[in-house]
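K.L.:
Provided herewith is a single structure, encoded as structure tokens, for subsequent inquiry.
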Amino acid sequence: MKASSIFRSFDGPLTETLLREPGKFGLGQLPIKLSPQNTTSSVCGYCSVGCSLKIHLKDGKAVNLSPDPDYPVNLGMACPKGWDALSPLKSSDRAKTPLLRQKKGGSMTEINWQQASDTFCKSIKEIQSNHGKDSVAFLSTGQICTEEMALLGAFAKFGMGLKHGDGNTRQCMATSVVAYKESFGFDAPPYTYSDFEESDVIVLIGSNLCIAHPILWQRILKNKRSPEIIVIDPRVTETAMQATMHVPLSPKSDLTLFYGLANLLISKNYIDQDFISQNTLGFESFKSFVSKYNPEKVSEKTNISINDLNKLSTLIGKRRRVSFWWTMGVNQGYESTRTAQSIINLALMTGNIGRPGTGANSITGQCNAMGSRLFSNTTSLLGGHDFRNIDHRKKISKLTNVPLEKIPKEPSWAYDQIIDGIESGKIKGLWIIATNSAHSWTNRKRFKDLVAKLDFLVVQDLYSTTDTAQLADLFLPASGWAEKEGTFINSERRIGVIKKVLPAPGLSLSDFSIFRLLAKTWKCEDWIEKWNTPESVFQILKEISAGQPCDITGVGSYKEIDDQGGIQWPLPKSHSEKIENERRLFSDGKFFTESKKGNFIFEKPENNPDNTTKEFPFILLTGRGSSAQWHTGTRTEKSKILKKMYPEKCYIEINSEDALEKKIEDGDVVMITSARNAVPATAFITDTVTQGQCFMPMHYEETNYLTNQIVDPYSRQPNYKGCVINYRILDKNS
Ligand SMILES: Nc1nc2c(c(=O)[nH]1)N[C@H]1C(S)=C(S)[C@@H](COP(=O)(O)OP(=O)(O)OC[C@H]3O[C@@H](n4cnc5c(=O)[nH]c(N)nc54)[C@H](O)[C@@H]3O)O[C@H]1N2
Ligand SMILES: Nc1nc2c(c(=O)[nH]1)N[C@H]1C(S)=C(S)[C@@H](COP(=O)(O)OP(=O)(O)OC[C@H]3O[C@@H](n4cnc5c(=O)[nH]c(N)nc54)[C@H](O)[C@@H]3O)O[C@H]1N2
Ligand code: SF4
Ligand SMILES: [Mo]
């Protein structure tokens, strides 16, 4: 068969680009679907807020952008990353051709797509025949389109027969997923963004909203009810500085704090007894469990005064509309699932759920983390189904024509288990898509050493220069946001559309096309033929969602989603004529559990396994450093404007008393050590961190040399915000 006929079946208009020889680059084809006007809109490709950006077109290509004034999410606003979202795509180090390392330790050479897909299939099949099908795994992302994740999950699990595949959402949202599933019966964040505007009390827990979700902070500023804004965070963050009350608790003492608050709310009779008896299960045993958490004990553990504990309980107990919001300060901990559930318990016991301005609300991180949670076929079977449930497997088999025996009967290993699997020799091949694990996973040195043990590492990214891509045996160049089409699902469950408004550089292909190409070379069964365009996959996913809490059978085409200003799930076929723009869950008090009741779940707090010692007396908090930096910097470091908005070199925030004791001054270079490694950073002396604590942004490559692979036992999410370190002066700032 001629190569051109193989390619034509997936990519139609991209055929010529594909066949161009490597080395002879040139722009890919122009956008397939062009708007007749000179603007179109697209949901932003960075964070989970899901702002819509108006893309300004010239000759059909994006030349500029501005925030969309009519979209219900951002109402004409965007943060610096959104404003400059086009720049990183033009960077000169964009990957333009597949690359192959001919032998271990050798350099990479350019190959064409046919060679790349042949190598991919041959190498992986060889590993599978030598070591078993489960010896190859994939690590995916919350940053590609839902349709792409679903195609990857279907091809990898049903076609290639891989059992193990997880996402970088494990680093981020796994805790909320497990917490919601156990408490509400489904992974269902209940809120809509207007709840920020309708609350009397907004409690932000382990969330630095001003930096991480700037447009949601703008939504809070639109609240006309003079809300109390309570920030629960060990640091005086940018958000804490704006709050009406900052609660600087000791790191990882949240669980004790919320059990203590529950006890106070009960003793002051600030609970909603009707809601509890009609809509929840397990309150009586929860009540007796928390009775031991008296204010004295809680104050000692959390370092929050009894006075402030009382003030908090009064604010939460007396005001009618209280909303609780949490992010990574909660999710990234060694007992994070129970911590998230202790927040859910507060909302349940005070009846703060299902009404405007209320909720136990986890804010997601990446642009499509929610898509990954429901449709990536990793932790749950497509559409929030359960791999272990035979009826669910039969349903998916019937709707997709995938033979029943091809659907795994168990969920995958989690990220940490896949990494440990490399160490134990069980995982021999790894395919990493749209995530920079070698920078973002814990204990970077161990990660790199382990990856070197693999027989075959495939990396698929926009840039062949990332830390992870540099380790690859085979590199596949992907086109990115604005160079492809599909949908993202934001934090408030809103499905939004992204558009192809730029040609992809060189031979790079959309992830969708890459998966199609590999599936074709793999000779995957016929069922995959129906998964031929993003929109056809979207239609398949709609059918799969039928009858699930995330039912989207009533959502129409991409165009209809766009015309509505995005559509929140659920939207079943039988929906009413008018689709409300802001919808929340549980307004009838019914949850997705079998009993239809929300569960109180609790467990005794444990000590941080990474405890301070004489050798490592400081706790290192890590997280977002500025609104202009995105994760491992592969995109934001390519923007000249964004680069002006943050320090170029890695820094560590150190408390002034600690600095005095160690004779460290602002600007000195310090050497930081943990039990894993030692790295240098510039000292930034600031009392935004408490004595005994430090903070480093995750964006710099130094940070994760220090962190440790300790995970929460239920969600297996890493304890990124609780490792212990020491530091000493290395170089005086002259
Ligand atoms: N500019 C920018 N925006 C982003 C991202 C980015 O990289 N850059 N990433 C996106 C993604 S994927 C995510 S997940 C979100 C993350 O958004 P956030 O979770 O808001 O960001 P982080 O800075 O990781 O962590 C939030 C806070 O948790 C606090 N914290 C640490 N330990 C504890 C603790 O024990 N208890 C409590 N209560 N708080 C604690 C930290 O001090 C920190 O201020 O941001 C998203 N938005
Ligand atoms: N110490 C510490 N570590 C952390 C955290 C922390 O708070 N502290 N936070 C964790 C969290 S919450 C997260 S979400 C992770 C994020 O960690 P990562 O997912 O590793 O971070 P990114 O830099 O977003 O990596 C995404 C990669 O995908 C590429 N990419 C972008 N778009 C596309 C596309 O369309 N297709 C393909 N194929 N590639 C694309 C980018 O170039 C980039 O290399 O980090 C985690 N690590
Ligand atoms: S807040 Fe998030 S979605 Fe909105 S423009 Fe900034 S990065 Fe994009
Ligand atoms: Mo995240």
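In the structure tokens, chains take letters A, B, ... by order of appearance, with residues numbered from 1 within each chain and ligands from 1 in the order shown.
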Which residues are near ligand 1 in this structure, taking near to mean any atom at most 7 Å from a ligand atom and counting only C-alpha atoms and all ligand atoms? Format them as a VMD selection string.

P.N.:
chain A and resid 47 to 48 172 205 to 209 211 to 213 232 to 235 237 250 to 254 327 to 330 364 to 366 621 to 631 721 to 722

K.L.:
Where in stretch 550-632 of chain A does DSSP assign strand (DSSP E or B), given as an MDAnalysis selection string?

P.N.:
chainID A and resid 567:568 598:599 618:623

K.L.:
Would you mind writing down, as a VMD selection string, each residue of stretch 164-263 of chain A that DSSP on the backbone assigns to helix (DSSP H, G or I)?

P.N.:
chain A and resid 168 to 171 174 to 184 194 to 198 209 to 212 214 to 221 238 to 242 254 to 263

K.L.:
Just C-alpha atoms for this one: save the residues we selected as a PDB file, in the first residue's frame.

P.N.:
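The file below, out_38.pdb, is the result:
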```pdb
ATOM      1  CA  ASN A 168      -0.556  13.467  35.470  1.00  0.00           C
ATOM      2  CA  THR A 169      -3.969  14.101  37.024  1.00  0.00           C
ATOM      3  CA  ARG A 170      -2.686  11.642  39.678  1.00  0.00           C
ATOM      4  CA  GLN A 171      -0.302  14.420  40.800  1.00  0.00           C
ATOM      5  CA  ALA A 174      -6.752  11.960  42.309  1.00  0.00           C
ATOM      6  CA  THR A 175      -7.605  12.920  45.883  1.00  0.00           C
ATOM      7  CA  SER A 176     -10.730  14.832  44.918  1.00  0.00           C
ATOM      8  CA  VAL A 177     -11.783  11.993  42.624  1.00  0.00           C
ATOM      9  CA  VAL A 178     -11.633   9.377  45.385  1.00  0.00           C
ATOM     10  CA  ALA A 179     -13.101  11.716  47.999  1.00  0.00           C
ATOM     11  CA  TYR A 180     -16.102  12.590  45.817  1.00  0.00           C
ATOM     12  CA  LYS A 181     -16.649   8.989  44.714  1.00  0.00           C
ATOM     13  CA  GLU A 182     -16.782   7.751  48.307  1.00  0.00           C
ATOM     14  CA  SER A 183     -18.789  10.668  49.707  1.00  0.00           C
ATOM     15  CA  PHE A 184     -21.120  11.510  46.808  1.00  0.00           C
ATOM     16  CA  SER A 194     -21.422  31.992  40.090  1.00  0.00           C
ATOM     17  CA  ASP A 195     -21.273  30.369  43.539  1.00  0.00           C
ATOM     18  CA  PHE A 196     -18.216  32.562  44.117  1.00  0.00           C
ATOM     19  CA  GLU A 197     -20.448  35.560  43.581  1.00  0.00           C
ATOM     20  CA  GLU A 198     -23.324  34.259  45.685  1.00  0.00           C
ATOM     21  CA  LEU A 209      -6.417  31.445  43.835  1.00  0.00           C
ATOM     22  CA  CYS A 210      -4.870  34.829  42.942  1.00  0.00           C
ATOM     23  CA  ILE A 211      -1.894  33.056  41.387  1.00  0.00           C
ATOM     24  CA  ALA A 212      -3.288  29.736  40.248  1.00  0.00           C
ATOM     25  CA  PRO A 214      -6.656  34.438  38.724  1.00  0.00           C
ATOM     26  CA  ILE A 215      -9.935  34.781  36.892  1.00  0.00           C
ATOM     27  CA  LEU A 216     -11.776  32.929  39.662  1.00  0.00           C
ATOM     28  CA  TRP A 217     -10.390  35.506  42.068  1.00  0.00           C
ATOM     29  CA  GLN A 218     -11.888  38.144  39.777  1.00  0.00           C
ATOM     30  CA  ARG A 219     -15.214  36.310  40.097  1.00  0.00           C
ATOM     31  CA  ILE A 220     -14.958  36.620  43.898  1.00  0.00           C
ATOM     32  CA  LEU A 221     -14.419  40.356  43.480  1.00  0.00           C
ATOM     33  CA  GLU A 238      -1.062  36.553  47.611  1.00  0.00           C
ATOM     34  CA  THR A 239      -4.601  35.281  48.240  1.00  0.00           C
ATOM     35  CA  ALA A 240      -4.208  35.323  52.032  1.00  0.00           C
ATOM     36  CA  MET A 241      -3.117  38.968  51.790  1.00  0.00           C
ATOM     37  CA  GLN A 242      -6.456  39.800  50.191  1.00  0.00           C
ATOM     38  CA  ASP A 254      -5.971  20.374  58.174  1.00  0.00           C
ATOM     39  CA  LEU A 255      -7.606  17.094  59.154  1.00  0.00           C
ATOM     40  CA  THR A 256      -7.380  17.916  62.852  1.00  0.00           C
ATOM     41  CA  LEU A 257      -8.585  21.472  62.195  1.00  0.00           C
ATOM     42  CA  PHE A 258     -11.714  20.319  60.335  1.00  0.00           C
ATOM     43  CA  TYR A 259     -12.571  17.629  62.897  1.00  0.00           C
ATOM     44  CA  GLY A 260     -12.186  20.287  65.565  1.00  0.00           C
ATOM     45  CA  LEU A 261     -14.414  22.679  63.654  1.00  0.00           C
ATOM     46  CA  ALA A 262     -17.027  19.961  63.163  1.00  0.00           C
ATOM     47  CA  ASN A 263     -17.003  19.378  66.922  1.00  0.00           C
TER      48      ASN A 263
END
```

K.L.:
Step by step, measure atom-to-atom distances between ligand 2 and each residue using only C-alpha atoms and all ligand atoms, keep those at most 8 Å, then write them as a ChimeraX atom specification.

P.N.:
/A:45,141-145,168-169,171-173,328,332,365-366,433-442,460-463,466,468,476-481,510-511,621-624,630-635,696-699,703-704,707,720-721

K.L.:
As an exercise, work out the distance from atom CA of A:Ser285 to atom CA of A:Phe592 in Å and give it to one decimal place.

P.N.:
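These two atoms are separated by 21.6 Å.
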
K.L.:
Kindly give the distance, in Å, that separates atom CA of A:Arg494 and atom CA of A:Val43, rounded to a single decimal.

P.N.:
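Computing it gives 10.7 Å between the two atoms.
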